[in-house]
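These notes concern the structure reproduced below.
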Amino acid sequence: MKNLTQTDEVWPFPREAKCPVLPPPRIAELREKQPALVRMYDGTPAALVLDYDDVTTIMMSPDVSDDGRAAGFPYVSEAARHNRGKRPTIDRLDPPEHDIQRAMLAPFFTVKRIKQMRPFFEELVDSLLDELEEAGPTVDLVTQFARHIPAAGTAELMGLPSEDIPRFLELSETYQSFGSAEEIAAAGAEIAEYFERRLAEPADGDDFISMLIREQVRPGHLAPDQFVRTMILILTGGFDTTANTIALGVVAMMDHREAWEALANDADDELIAAAVEEIVRYTSTAHHAVFRLTTAPVQLSTAELPADHAVIASQMAANHDPKKFECPHLLDIERDARTHVGFGMGIHQCLGQHMARLALQVTFSKLTKRFPRLELAVKPEELTPRIGLVHGLMGLPVRLTP
Amino acid sequence: MHRIEVVEGKCIGAGNCVDVAEDYFDQGDDALVIVLKEQVPEGDVAEVERAVKACPVAALRLLGA
């Protein structure tokens, strides 16, 4: 067995200031030495797995646990650890409990059901583009455009009133940040109160929340606190990731202008599905997501991990593994990137992935066609990255019609 | 001819097979996979293979491929 390369570095690694999109350069340096032993914020040692095949092995192995209640489970921050004492939701749960809860939610996220939301997204994006055009020529694509798309989509899917969206956006961004544990707990508590109120109200609608309360919570299949925390999970999972993929995807295409132009000229949307897979691969916004603990020895291509060992399976590293994706630092919208792990692999793969795909396809198709000459209003190195569980940008100033 | 096989008890209803090859796969009301056509002619093998590979829990196999 090959020993783990010892490092005293703390995960997550900083990104290079000049490059807001690509993974931290340290990842490429450690590729030859993986899995490397890194430390979490509290000193917990964890194996950092970067190889595509090894990352998928970790995500699919029955000998790897996602139950955050176990001693030695790697947490990325004090705030992330905060929820440990509470009853877990599907993102930190193993089978069989995980499978029972996922089965309650999966019917609301099927390909067919999400496809029915296409007219909703088309109308939404058209109206946001109209507003951009009026506000232009220089606008902030994050605050004036990107963040509203998944927020409205998630609210539509869940059946949340649209007037509540702005407050949910603020709360969700705080909840996913690396802010103080108190600040994050307060944001979580406010979202929780909202859904606790819903539990007390009649649940006779055909929307997701009413149906879940009526069919799962009231008969006792899903505990009220688990319901509330599942709602927080879906809300925060849906809001940030897609918004940031839009913002970072635009930055990536400004650096690969031929991709932008190809989509602008793609009248029948023949390129858009593959382009979105490539953008999800390239931007990998869920950059710190896969934390696990082995329950038995796990054989990787690079080493054997012992039992009870903390692991970080880096999705962004797998998505930029040159053995899997040739010239990974190039955005090539014609490559087949469908096997990327931007939405994860294994039983915890993203529940909302088809809504994300639809939202991104509609957004990039319409944005490139409406503003084919769009350009950044600042240099890429002047963009401020958002530090948090989801990678993104604080703002993205662009000129719509230079 | 190749044949699609579903590994019993593995599907989690992620829907990737439907997204990649909707002529061959669908999801039931419980979100779980329904194979629409078991037999796959040579011309569709690449598409179905892509759908099989997209399954996050390896619940699908393409036999004879």
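Ordering of the structure tokens sets the chain letters (A, B, ...); residue numbers start at 1 within each chain; ligands are numbered from 1 in the order shown.
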Interface residues on chain B facing chain A, 8 Å, only C-alpha atoms, written as a count of residues only: 14
Residues flagged strand (DSSP E) by DSSP in chain B, as a VMD selection string: chain B and resid 2 to 6 25 to 27 33 to 35 39 to 40 60 to 63
Interatomic distance, CA of Val38 in chain A to CA of Gly72 in chain A (Å, one decimal):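 Atom-to-atom, CA of Val38 in chain A and CA of Gly72 in chain A are spaced 13.9 Å apart.
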Backbone DSSP call of helix (DSSP H, G or I) for chain B, listed as a list in words: Asn16, Cys17, Val18, Asp19, Val20, Glu42, Gly43, Asp44, Val45, Ala46, Glu47, Val48, Glu49, Arg50, Ala51, Val52, Lys53 and Ala54 of chain B
Mind writing the picked residues with all heavy atoms as a tab-separated table (two decimals), in the first residue's frame?
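Just written: result.tsv:
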chain	number	residue	atom	x	y	z
B	16	ASN	N	-31.15	10.17	-15.28
B	16	ASN	CA	-30.16	10.46	-16.33
B	16	ASN	C	-30.38	9.64	-17.60
B	16	ASN	O	-30.15	10.13	-18.70
B	16	ASN	CB	-28.75	10.22	-15.81
B	16	ASN	CG	-28.27	11.39	-14.98
B	16	ASN	OD1	-28.27	12.52	-15.45
B	16	ASN	ND2	-27.93	11.13	-13.74
B	17	CYS	N	-30.84	8.41	-17.44
B	17	CYS	CA	-31.07	7.56	-18.62
B	17	CYS	C	-32.15	8.18	-19.51
B	17	CYS	O	-32.03	8.18	-20.73
B	17	CYS	CB	-31.45	6.14	-18.20
B	17	CYS	SG	-32.83	6.06	-17.04
B	18	VAL	N	-33.18	8.74	-18.88
B	18	VAL	CA	-34.27	9.38	-19.63
B	18	VAL	C	-33.73	10.63	-20.33
B	18	VAL	O	-34.07	10.90	-21.50
B	18	VAL	CB	-35.43	9.77	-18.69
B	18	VAL	CG1	-36.62	10.28	-19.49
B	18	VAL	CG2	-35.83	8.60	-17.82
B	19	ASP	N	-32.91	11.37	-19.64
B	19	ASP	CA	-32.35	12.60	-20.20
B	19	ASP	C	-31.48	12.31	-21.43
B	19	ASP	O	-31.48	13.06	-22.39
B	19	ASP	CB	-31.53	13.33	-19.12
B	19	ASP	CG	-31.05	14.69	-19.59
B	19	ASP	OD1	-31.88	15.46	-20.10
B	19	ASP	OD2	-29.84	14.98	-19.45
B	20	VAL	N	-30.76	11.19	-21.39
B	20	VAL	CA	-29.83	10.87	-22.47
B	20	VAL	C	-30.52	10.10	-23.62
B	20	VAL	O	-30.24	10.35	-24.78
B	20	VAL	CB	-28.61	10.08	-21.93
B	20	VAL	CG1	-27.73	9.60	-23.07
B	20	VAL	CG2	-27.80	10.94	-20.96
B	42	GLU	N	-28.11	-2.03	-33.57
B	42	GLU	CA	-26.72	-1.55	-33.67
B	42	GLU	C	-26.63	-0.01	-33.72
B	42	GLU	O	-25.81	0.60	-33.06
B	42	GLU	CB	-26.07	-2.16	-34.92
B	42	GLU	CG	-24.57	-2.36	-34.80
B	42	GLU	CD	-24.17	-3.24	-33.62
B	42	GLU	OE1	-24.73	-4.36	-33.46
B	42	GLU	OE2	-23.29	-2.80	-32.86
B	43	GLY	N	-27.52	0.59	-34.52
B	43	GLY	CA	-27.46	2.04	-34.73
B	43	GLY	C	-27.69	2.87	-33.48
B	43	GLY	O	-27.29	4.03	-33.42
B	44	ASP	N	-28.35	2.30	-32.46
B	44	ASP	CA	-28.65	3.06	-31.24
B	44	ASP	C	-27.74	2.70	-30.07
B	44	ASP	O	-27.90	3.23	-28.96
B	44	ASP	CB	-30.12	2.81	-30.82
B	44	ASP	CG	-31.09	3.50	-31.76
B	44	ASP	OD1	-30.64	4.27	-32.63
B	44	ASP	OD2	-32.31	3.24	-31.63
B	45	VAL	N	-26.79	1.79	-30.31
B	45	VAL	CA	-25.97	1.29	-29.21
B	45	VAL	C	-25.19	2.42	-28.52
B	45	VAL	O	-25.15	2.50	-27.29
B	45	VAL	CB	-25.02	0.17	-29.69
B	45	VAL	CG1	-23.91	-0.09	-28.67
B	45	VAL	CG2	-25.80	-1.12	-29.93
B	46	ALA	N	-24.63	3.32	-29.30
B	46	ALA	CA	-23.82	4.39	-28.71
B	46	ALA	C	-24.67	5.25	-27.78
B	46	ALA	O	-24.25	5.59	-26.66
B	46	ALA	CB	-23.19	5.25	-29.82
B	47	GLU	N	-25.88	5.59	-28.22
B	47	GLU	CA	-26.77	6.42	-27.41
B	47	GLU	C	-27.15	5.71	-26.11
B	47	GLU	O	-27.11	6.29	-25.03
B	47	GLU	CB	-28.04	6.74	-28.24
B	47	GLU	CG	-29.00	7.67	-27.52
B	47	GLU	CD	-30.40	7.65	-28.15
B	47	GLU	OE1	-30.61	6.94	-29.16
B	47	GLU	OE2	-31.29	8.34	-27.61
B	48	VAL	N	-27.51	4.43	-26.22
B	48	VAL	CA	-27.93	3.69	-25.02
B	48	VAL	C	-26.73	3.47	-24.09
B	48	VAL	O	-26.86	3.56	-22.86
B	48	VAL	CB	-28.61	2.36	-25.40
B	48	VAL	CG1	-28.93	1.53	-24.16
B	48	VAL	CG2	-29.89	2.62	-26.19
B	49	GLU	N	-25.56	3.24	-24.66
B	49	GLU	CA	-24.36	3.10	-23.83
B	49	GLU	C	-24.10	4.36	-23.02
B	49	GLU	O	-23.70	4.31	-21.86
B	49	GLU	CB	-23.14	2.80	-24.71
B	49	GLU	CG	-22.78	1.33	-24.70
B	49	GLU	CD	-21.56	1.00	-25.55
B	49	GLU	OE1	-21.07	1.89	-26.27
B	49	GLU	OE2	-21.14	-0.16	-25.50
B	50	ARG	N	-24.33	5.50	-23.65
B	50	ARG	CA	-24.14	6.78	-22.99
B	50	ARG	C	-25.12	6.91	-21.81
B	50	ARG	O	-24.77	7.40	-20.75
B	50	ARG	CB	-24.42	7.90	-24.00
B	50	ARG	CG	-23.33	8.91	-24.09
B	50	ARG	CD	-23.57	9.90	-25.20
B	50	ARG	NE	-23.28	11.22	-24.72
B	50	ARG	CZ	-24.18	12.18	-24.53
B	50	ARG	NH1	-25.43	11.97	-24.85
B	50	ARG	NH2	-23.82	13.35	-24.06
B	51	ALA	N	-26.36	6.43	-22.05
B	51	ALA	CA	-27.38	6.47	-20.99
B	51	ALA	C	-26.99	5.55	-19.84
B	51	ALA	O	-27.13	5.89	-18.66
B	51	ALA	CB	-28.74	6.09	-21.54
B	52	VAL	N	-26.48	4.37	-20.18
B	52	VAL	CA	-26.06	3.39	-19.18
B	52	VAL	C	-24.93	3.98	-18.32
B	52	VAL	O	-24.93	3.90	-17.10
B	52	VAL	CB	-25.61	2.08	-19.86
B	52	VAL	CG1	-24.88	1.16	-18.88
B	52	VAL	CG2	-26.83	1.36	-20.47
B	53	LYS	N	-23.98	4.64	-19.00
B	53	LYS	CA	-22.84	5.25	-18.28
B	53	LYS	C	-23.28	6.43	-17.42
B	53	LYS	O	-22.63	6.76	-16.43
B	53	LYS	CB	-21.79	5.74	-19.30
B	53	LYS	CG	-20.79	4.67	-19.65
B	53	LYS	CD	-19.63	5.30	-20.41
B	53	LYS	CE	-18.89	4.23	-21.19
B	53	LYS	NZ	-18.28	4.74	-22.41
B	54	ALA	N	-24.36	7.09	-17.82
B	54	ALA	CA	-24.81	8.28	-17.07
B	54	ALA	C	-25.50	7.90	-15.77
B	54	ALA	O	-25.70	8.74	-14.90
B	54	ALA	CB	-25.76	9.11	-17.94
From A:Ala80, A:Ala264, A:Ala296, A:Ile149, residue lying nearest Ser127 in chain A [only C-alpha atoms]: A:Ile149
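Between CA of Pro161 in chain A and CA of Ser177 in chain A the interatomic distance comes to 24.6 Å.
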Spatial neighbours of range 153-156 of chain A, 9 Å, only C-alpha atoms, chain gap at least 6 places, as a list of chain:residue names: A:Met117, A:Phe120, A:Phe121, A:Leu124, A:Ser162, A:Asp164, A:Ile165, A:Asp207, A:Ile234, A:Leu235, A:Gly238, A:Phe239, A:Met355, A:Ala359
Long-range neighbours of Glu334 in chain A as a ChimeraX atom specification, 10 Å cut-off, only C-alpha atoms, 4 positions minimum in chain: /A:259,271-275,277-278
Closest of A:Ile246, A:Ala223, A:Ala303, A:Ala36 to Val362 in chain A - atom-to-atom distances counting only C-alpha atoms: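 With only C-alpha atoms as the atom set, the closest residue is A:Ile246.
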Nearby residues (only C-alpha atoms) at most 12 Å from His82 in chain A, same-chain spacing under 2 positions excluded, as an MDAnalysis selection string: chainID A and resid 68:69 75:80 84:88 175 180:186 188
List the spatial neighbours of Asp54 in chain A as a tab-separated table (two decimals) with all heavy atoms, in the first residue's frame - criterion: any atom at most 12 Å away, only C-alpha atoms, same-chain residues fewer than 2 positions off excluded.
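Listing of around.tsv after writing:
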chain	number	residue	atom	x	y	z
A	31	ARG	N	-1.66	16.51	-7.96
A	31	ARG	CA	-2.15	15.37	-8.73
A	31	ARG	C	-1.14	14.21	-8.75
A	31	ARG	O	-1.53	13.05	-8.69
A	31	ARG	CB	-2.44	15.80	-10.18
A	31	ARG	CG	-3.87	15.56	-10.57
A	31	ARG	CD	-4.13	16.02	-11.97
A	31	ARG	NE	-5.16	17.05	-12.01
A	31	ARG	CZ	-6.43	16.85	-11.72
A	31	ARG	NH1	-6.86	15.66	-11.38
A	31	ARG	NH2	-7.29	17.83	-11.76
A	34	GLN	N	-1.16	12.31	-5.14
A	34	GLN	CA	-2.43	11.97	-4.50
A	34	GLN	C	-2.51	10.49	-4.14
A	34	GLN	O	-1.83	9.68	-4.77
A	34	GLN	CB	-3.57	12.37	-5.42
A	34	GLN	CG	-3.51	11.62	-6.74
A	34	GLN	CD	-4.74	11.86	-7.57
A	34	GLN	OE1	-5.83	11.79	-7.07
A	34	GLN	NE2	-4.55	12.13	-8.84
A	35	PRO	N	-3.37	10.10	-3.18
A	35	PRO	CA	-4.10	11.07	-2.37
A	35	PRO	C	-3.18	11.70	-1.33
A	35	PRO	O	-2.40	11.00	-0.69
A	35	PRO	CB	-5.18	10.24	-1.70
A	35	PRO	CG	-4.72	8.83	-1.78
A	35	PRO	CD	-3.73	8.72	-2.89
A	47	ALA	N	-7.96	12.47	3.55
A	47	ALA	CA	-7.31	12.15	2.28
A	47	ALA	C	-7.98	12.96	1.17
A	47	ALA	O	-9.19	12.93	1.03
A	47	ALA	CB	-7.43	10.66	2.00
A	48	LEU	N	-7.17	13.68	0.42
A	48	LEU	CA	-7.72	14.48	-0.68
A	48	LEU	C	-7.58	13.69	-1.99
A	48	LEU	O	-6.48	13.42	-2.44
A	48	LEU	CB	-6.96	15.81	-0.78
A	48	LEU	CG	-7.34	16.71	-1.96
A	48	LEU	CD1	-8.79	17.17	-1.86
A	48	LEU	CD2	-6.41	17.92	-2.01
A	49	VAL	N	-8.73	13.29	-2.55
A	49	VAL	CA	-8.74	12.45	-3.74
A	49	VAL	C	-9.06	13.32	-4.96
A	49	VAL	O	-10.06	14.04	-4.97
A	49	VAL	CB	-9.79	11.33	-3.58
A	49	VAL	CG1	-9.87	10.47	-4.83
A	49	VAL	CG2	-9.44	10.47	-2.37
A	50	LEU	N	-8.20	13.25	-5.97
A	50	LEU	CA	-8.30	14.17	-7.11
A	50	LEU	C	-8.55	13.46	-8.44
A	50	LEU	O	-9.06	14.06	-9.38
A	50	LEU	CB	-6.99	14.98	-7.24
A	50	LEU	CG	-6.52	15.70	-5.97
A	50	LEU	CD1	-5.11	16.24	-6.18
A	50	LEU	CD2	-7.47	16.82	-5.60
A	51	ASP	N	-8.15	12.18	-8.52
A	51	ASP	CA	-8.24	11.41	-9.75
A	51	ASP	C	-9.72	11.13	-10.08
A	51	ASP	O	-10.50	10.75	-9.20
A	51	ASP	CB	-7.49	10.10	-9.52
A	51	ASP	CG	-7.53	9.18	-10.71
A	51	ASP	OD1	-8.49	8.38	-10.80
A	51	ASP	OD2	-6.62	9.28	-11.55
A	52	TYR	N	-10.12	11.28	-11.35
A	52	TYR	CA	-11.52	11.09	-11.73
A	52	TYR	C	-12.07	9.73	-11.29
A	52	TYR	O	-13.13	9.64	-10.67
A	52	TYR	CB	-11.69	11.26	-13.24
A	52	TYR	CG	-13.11	10.99	-13.72
A	52	TYR	CD1	-14.04	12.02	-13.79
A	52	TYR	CD2	-13.53	9.70	-14.07
A	52	TYR	CE1	-15.35	11.79	-14.20
A	52	TYR	CE2	-14.83	9.46	-14.49
A	52	TYR	CZ	-15.73	10.50	-14.56
A	52	TYR	OH	-17.03	10.26	-14.96
A	56	THR	N	-14.99	9.00	-8.37
A	56	THR	CA	-16.25	8.27	-8.58
A	56	THR	C	-16.29	7.01	-7.70
A	56	THR	O	-17.35	6.64	-7.20
A	56	THR	CB	-16.46	7.89	-10.06
A	56	THR	OG1	-15.34	7.18	-10.54
A	56	THR	CG2	-16.68	9.11	-10.92
A	57	THR	N	-15.14	6.37	-7.47
A	57	THR	CA	-15.11	5.22	-6.56
A	57	THR	C	-15.59	5.63	-5.17
A	57	THR	O	-16.43	4.95	-4.56
A	57	THR	CB	-13.67	4.63	-6.46
A	57	THR	OG1	-13.29	4.18	-7.75
A	57	THR	CG2	-13.61	3.48	-5.46
A	58	ILE	N	-15.06	6.74	-4.67
A	58	ILE	CA	-15.47	7.22	-3.34
A	58	ILE	C	-16.98	7.49	-3.31
A	58	ILE	O	-17.68	7.11	-2.38
A	58	ILE	CB	-14.69	8.50	-2.95
A	58	ILE	CG1	-13.20	8.21	-2.77
A	58	ILE	CG2	-15.28	9.16	-1.69
A	58	ILE	CD1	-12.86	7.30	-1.62
A	59	MET	N	-17.48	8.12	-4.37
A	59	MET	CA	-18.89	8.50	-4.37
A	59	MET	C	-19.83	7.30	-4.54
A	59	MET	O	-20.99	7.36	-4.19
A	59	MET	CB	-19.16	9.56	-5.45
A	59	MET	CG	-18.52	10.90	-5.10
A	59	MET	SD	-19.10	12.28	-6.11
A	59	MET	CE	-18.19	12.00	-7.59
A	60	MET	N	-19.30	6.19	-5.09
A	60	MET	CA	-20.16	5.04	-5.36
A	60	MET	C	-19.92	3.85	-4.41
A	60	MET	O	-20.68	2.89	-4.43
A	60	MET	CB	-19.99	4.59	-6.82
A	60	MET	CG	-20.49	5.64	-7.80
A	60	MET	SD	-20.22	5.22	-9.52
A	60	MET	CE	-21.52	4.02	-9.82
A	61	SER	N	-18.88	3.90	-3.59
A	61	SER	CA	-18.53	2.73	-2.78
A	61	SER	C	-19.48	2.54	-1.60
A	61	SER	O	-19.78	3.49	-0.87
A	61	SER	CB	-17.10	2.88	-2.24
A	61	SER	OG	-16.85	1.88	-1.28
A	298	VAL	N	-10.73	0.96	1.40
A	298	VAL	CA	-11.22	1.23	0.04
A	298	VAL	C	-10.02	1.31	-0.90
A	298	VAL	O	-9.09	2.09	-0.68
A	298	VAL	CB	-12.01	2.56	-0.02
A	298	VAL	CG1	-12.43	2.87	-1.45
A	298	VAL	CG2	-13.24	2.49	0.88
A	299	GLN	N	-10.03	0.48	-1.93
A	299	GLN	CA	-8.93	0.44	-2.89
A	299	GLN	C	-9.14	1.51	-3.96
A	299	GLN	O	-10.13	1.49	-4.68
A	299	GLN	CB	-8.85	-0.95	-3.53
A	299	GLN	CG	-7.63	-1.13	-4.43
A	299	GLN	CD	-6.32	-1.01	-3.66
A	299	GLN	OE1	-6.10	-1.69	-2.66
A	299	GLN	NE2	-5.43	-0.11	-4.11
A	300	LEU	N	-8.19	2.43	-4.05
A	300	LEU	CA	-8.23	3.43	-5.12
A	300	LEU	C	-7.12	3.12	-6.10
A	300	LEU	O	-6.23	2.32	-5.82
A	300	LEU	CB	-8.02	4.84	-4.52
A	300	LEU	CG	-9.02	5.28	-3.46
A	300	LEU	CD1	-8.60	6.63	-2.88
A	300	LEU	CD2	-10.42	5.37	-4.05
A	301	SER	N	-7.14	3.77	-7.25
A	301	SER	CA	-6.07	3.52	-8.23
A	301	SER	C	-4.75	4.07	-7.71
A	301	SER	O	-3.68	3.60	-8.07
A	301	SER	CB	-6.43	4.18	-9.56
A	301	SER	OG	-6.34	5.58	-9.46
A	302	THR	N	-4.82	5.05	-6.82
A	302	THR	CA	-3.60	5.71	-6.34
A	302	THR	C	-3.12	5.18	-4.99
A	302	THR	O	-1.96	5.35	-4.65
A	302	THR	CB	-3.85	7.22	-6.21
A	302	THR	OG1	-5.11	7.43	-5.57
A	302	THR	CG2	-3.88	7.88	-7.58
A	303	ALA	N	-3.99	4.56	-4.22
A	303	ALA	CA	-3.62	4.07	-2.89
A	303	ALA	C	-4.78	3.28	-2.29
A	303	ALA	O	-5.87	3.28	-2.85
A	303	ALA	CB	-3.29	5.24	-1.95
A	304	GLU	N	-4.51	2.62	-1.15
A	304	GLU	CA	-5.63	2.01	-0.42
A	304	GLU	C	-5.89	2.86	0.81
A	304	GLU	O	-4.98	3.14	1.59
A	304	GLU	CB	-5.31	0.58	0.00
A	304	GLU	CG	-6.53	-0.11	0.59
A	304	GLU	CD	-6.21	-1.47	1.18
A	304	GLU	OE1	-5.70	-1.53	2.31
A	304	GLU	OE2	-6.46	-2.48	0.50
A	305	LEU	N	-7.14	3.28	0.96
A	305	LEU	CA	-7.50	4.05	2.15
A	305	LEU	C	-7.90	3.09	3.24
A	305	LEU	O	-8.68	2.17	3.00
A	305	LEU	CB	-8.67	4.99	1.86
A	305	LEU	CG	-8.45	6.13	0.88
A	305	LEU	CD1	-9.74	6.94	0.75
A	305	LEU	CD2	-7.30	7.02	1.34
A	311	VAL	N	-12.29	11.49	4.05
A	311	VAL	CA	-11.95	11.66	2.64
A	311	VAL	C	-12.63	12.91	2.07
A	311	VAL	O	-13.78	13.19	2.39
A	311	VAL	CB	-12.46	10.47	1.77
A	311	VAL	CG1	-11.85	10.53	0.38
A	311	VAL	CG2	-12.18	9.14	2.42
A	312	ILE	N	-11.90	13.61	1.21
A	312	ILE	CA	-12.49	14.68	0.41
A	312	ILE	C	-12.37	14.21	-1.04
A	312	ILE	O	-11.25	14.05	-1.54
A	312	ILE	CB	-11.73	16.01	0.57
A	312	ILE	CG1	-11.66	16.42	2.04
A	312	ILE	CG2	-12.39	17.10	-0.28
A	312	ILE	CD1	-10.56	17.43	2.32
A	313	ALA	N	-13.49	13.96	-1.70
A	313	ALA	CA	-13.46	13.60	-3.11
A	313	ALA	C	-13.76	14.87	-3.89
A	313	ALA	O	-14.88	15.37	-3.87
A	313	ALA	CB	-14.49	12.52	-3.41
A	314	SER	N	-12.76	15.42	-4.54
A	314	SER	CA	-12.90	16.75	-5.15
A	314	SER	C	-13.53	16.65	-6.53
A	314	SER	O	-12.92	16.18	-7.48
A	314	SER	CB	-11.54	17.43	-5.23
A	314	SER	OG	-11.67	18.62	-5.99
A	315	GLN	N	-14.76	17.15	-6.62
A	315	GLN	CA	-15.46	17.13	-7.91
A	315	GLN	C	-14.74	18.01	-8.93
A	315	GLN	O	-14.62	17.65	-10.09
A	315	GLN	CB	-16.89	17.64	-7.73
A	315	GLN	CG	-17.78	16.68	-6.98
A	315	GLN	CD	-19.01	17.39	-6.47
A	315	GLN	OE1	-18.95	18.07	-5.46
A	315	GLN	NE2	-20.12	17.24	-7.16
A	317	ALA	N	-11.62	18.73	-9.08
A	317	ALA	CA	-10.38	18.09	-9.52
A	317	ALA	C	-10.68	16.98	-10.52
A	317	ALA	O	-10.00	16.83	-11.53
A	317	ALA	CB	-9.62	17.54	-8.31
A	318	ALA	N	-11.72	16.17	-10.24
A	318	ALA	CA	-12.11	15.10	-11.17
A	318	ALA	C	-12.53	15.69	-12.51
A	318	ALA	O	-12.18	15.16	-13.57
A	318	ALA	CB	-13.25	14.28	-10.56
A	319	ASN	N	-13.26	16.78	-12.47
A	319	ASN	CA	-13.72	17.41	-13.71
A	319	ASN	C	-12.59	18.06	-14.50
A	319	ASN	O	-12.78	18.41	-15.66
A	319	ASN	CB	-14.80	18.46	-13.40
A	319	ASN	CG	-16.14	17.82	-13.09
A	319	ASN	OD1	-16.37	16.65	-13.41
A	319	ASN	ND2	-17.03	18.58	-12.48
A	321	ASP	N	-9.46	16.50	-14.49
A	321	ASP	CA	-8.44	15.46	-14.58
A	321	ASP	C	-8.07	15.27	-16.05
A	321	ASP	O	-8.90	14.84	-16.86
A	321	ASP	CB	-9.01	14.15	-13.99
A	321	ASP	CG	-7.98	13.03	-13.98
A	321	ASP	OD1	-6.92	13.17	-14.65
A	321	ASP	OD2	-8.24	12.01	-13.32
A	323	LYS	N	-6.50	13.01	-17.48
A	323	LYS	CA	-6.63	11.63	-17.94
A	323	LYS	C	-8.06	11.35	-18.43
A	323	LYS	O	-8.29	10.48	-19.25
A	323	LYS	CB	-6.30	10.64	-16.81
A	323	LYS	CG	-4.84	10.65	-16.41
A	323	LYS	CD	-4.38	9.30	-15.84
A	323	LYS	CE	-5.16	8.87	-14.62
A	323	LYS	NZ	-4.81	9.53	-13.36
A	324	LYS	N	-9.01	12.11	-17.91
A	324	LYS	CA	-10.42	11.90	-18.27
A	324	LYS	C	-10.87	12.91	-19.34
A	324	LYS	O	-11.57	12.55	-20.28
A	324	LYS	CB	-11.27	12.03	-17.01
A	324	LYS	CG	-12.76	11.97	-17.25
A	324	LYS	CD	-13.20	10.57	-17.64
A	324	LYS	CE	-14.69	10.52	-17.92
A	324	LYS	NZ	-15.10	9.21	-18.43
A	341	VAL	N	-18.59	15.05	-13.05
A	341	VAL	CA	-19.19	14.79	-11.74
A	341	VAL	C	-19.63	16.09	-11.06
A	341	VAL	O	-19.67	16.18	-9.84
A	341	VAL	CB	-18.24	13.97	-10.83
A	341	VAL	CG1	-18.11	12.55	-11.36
A	341	VAL	CG2	-16.87	14.64	-10.72
A	345	MET	N	-21.99	11.74	-8.17
A	345	MET	CA	-22.21	10.36	-8.64
A	345	MET	C	-22.69	9.57	-7.43
A	345	MET	O	-22.59	10.05	-6.31
A	345	MET	CB	-20.89	9.74	-9.13
A	345	MET	CG	-20.65	9.88	-10.61
A	345	MET	SD	-21.67	8.71	-11.52
A	345	MET	CE	-21.44	9.32	-13.16
Please identify all polymer residues within 9 Å of Ile213 in chain A, counting only C-alpha atoms, omitting same-chain residues fewer than 2 positions from it, and present them as a PDB file with C-alpha atoms, in the first residue's frame.
ATOM      1  CA  ARG A 198     -46.301  25.937   6.662  1.00  0.00           C
ATOM      2  CA  LEU A 199     -46.551  22.728   8.704  1.00  0.00           C
ATOM      3  CA  ALA A 203     -51.859  21.461   3.076  1.00  0.00           C
ATOM      4  CA  PHE A 208     -44.535  20.116  -3.772  1.00  0.00           C
ATOM      5  CA  ILE A 209     -44.654  21.426  -0.189  1.00  0.00           C
ATOM      6  CA  SER A 210     -48.358  20.742   0.362  1.00  0.00           C
ATOM      7  CA  MET A 211     -48.072  17.248  -1.108  1.00  0.00           C
ATOM      8  CA  GLU A 215     -48.471  12.475   2.076  1.00  0.00           C
ATOM      9  CA  GLN A 216     -45.278  12.107   4.126  1.00  0.00           C
ATOM     10  CA  VAL A 217     -45.247  14.343   7.224  1.00  0.00           C
ATOM     11  CA  ARG A 218     -48.866  14.008   8.414  1.00  0.00           C
ATOM     12  CA  PRO A 219     -48.884  10.160   8.146  1.00  0.00           C
ATOM     13  CA  LEU A 222     -41.068  12.080   7.567  1.00  0.00           C
ATOM     14  CA  PRO A 224     -41.442  17.474  11.020  1.00  0.00           C
ATOM     15  CA  PHE A 227     -39.128  18.014   6.597  1.00  0.00           C
TER      16      PHE A 227
END
Between CA of Val276 in chain A and CA of Glu173 in chain A - distance in Å to one decimal: 23.6 Å
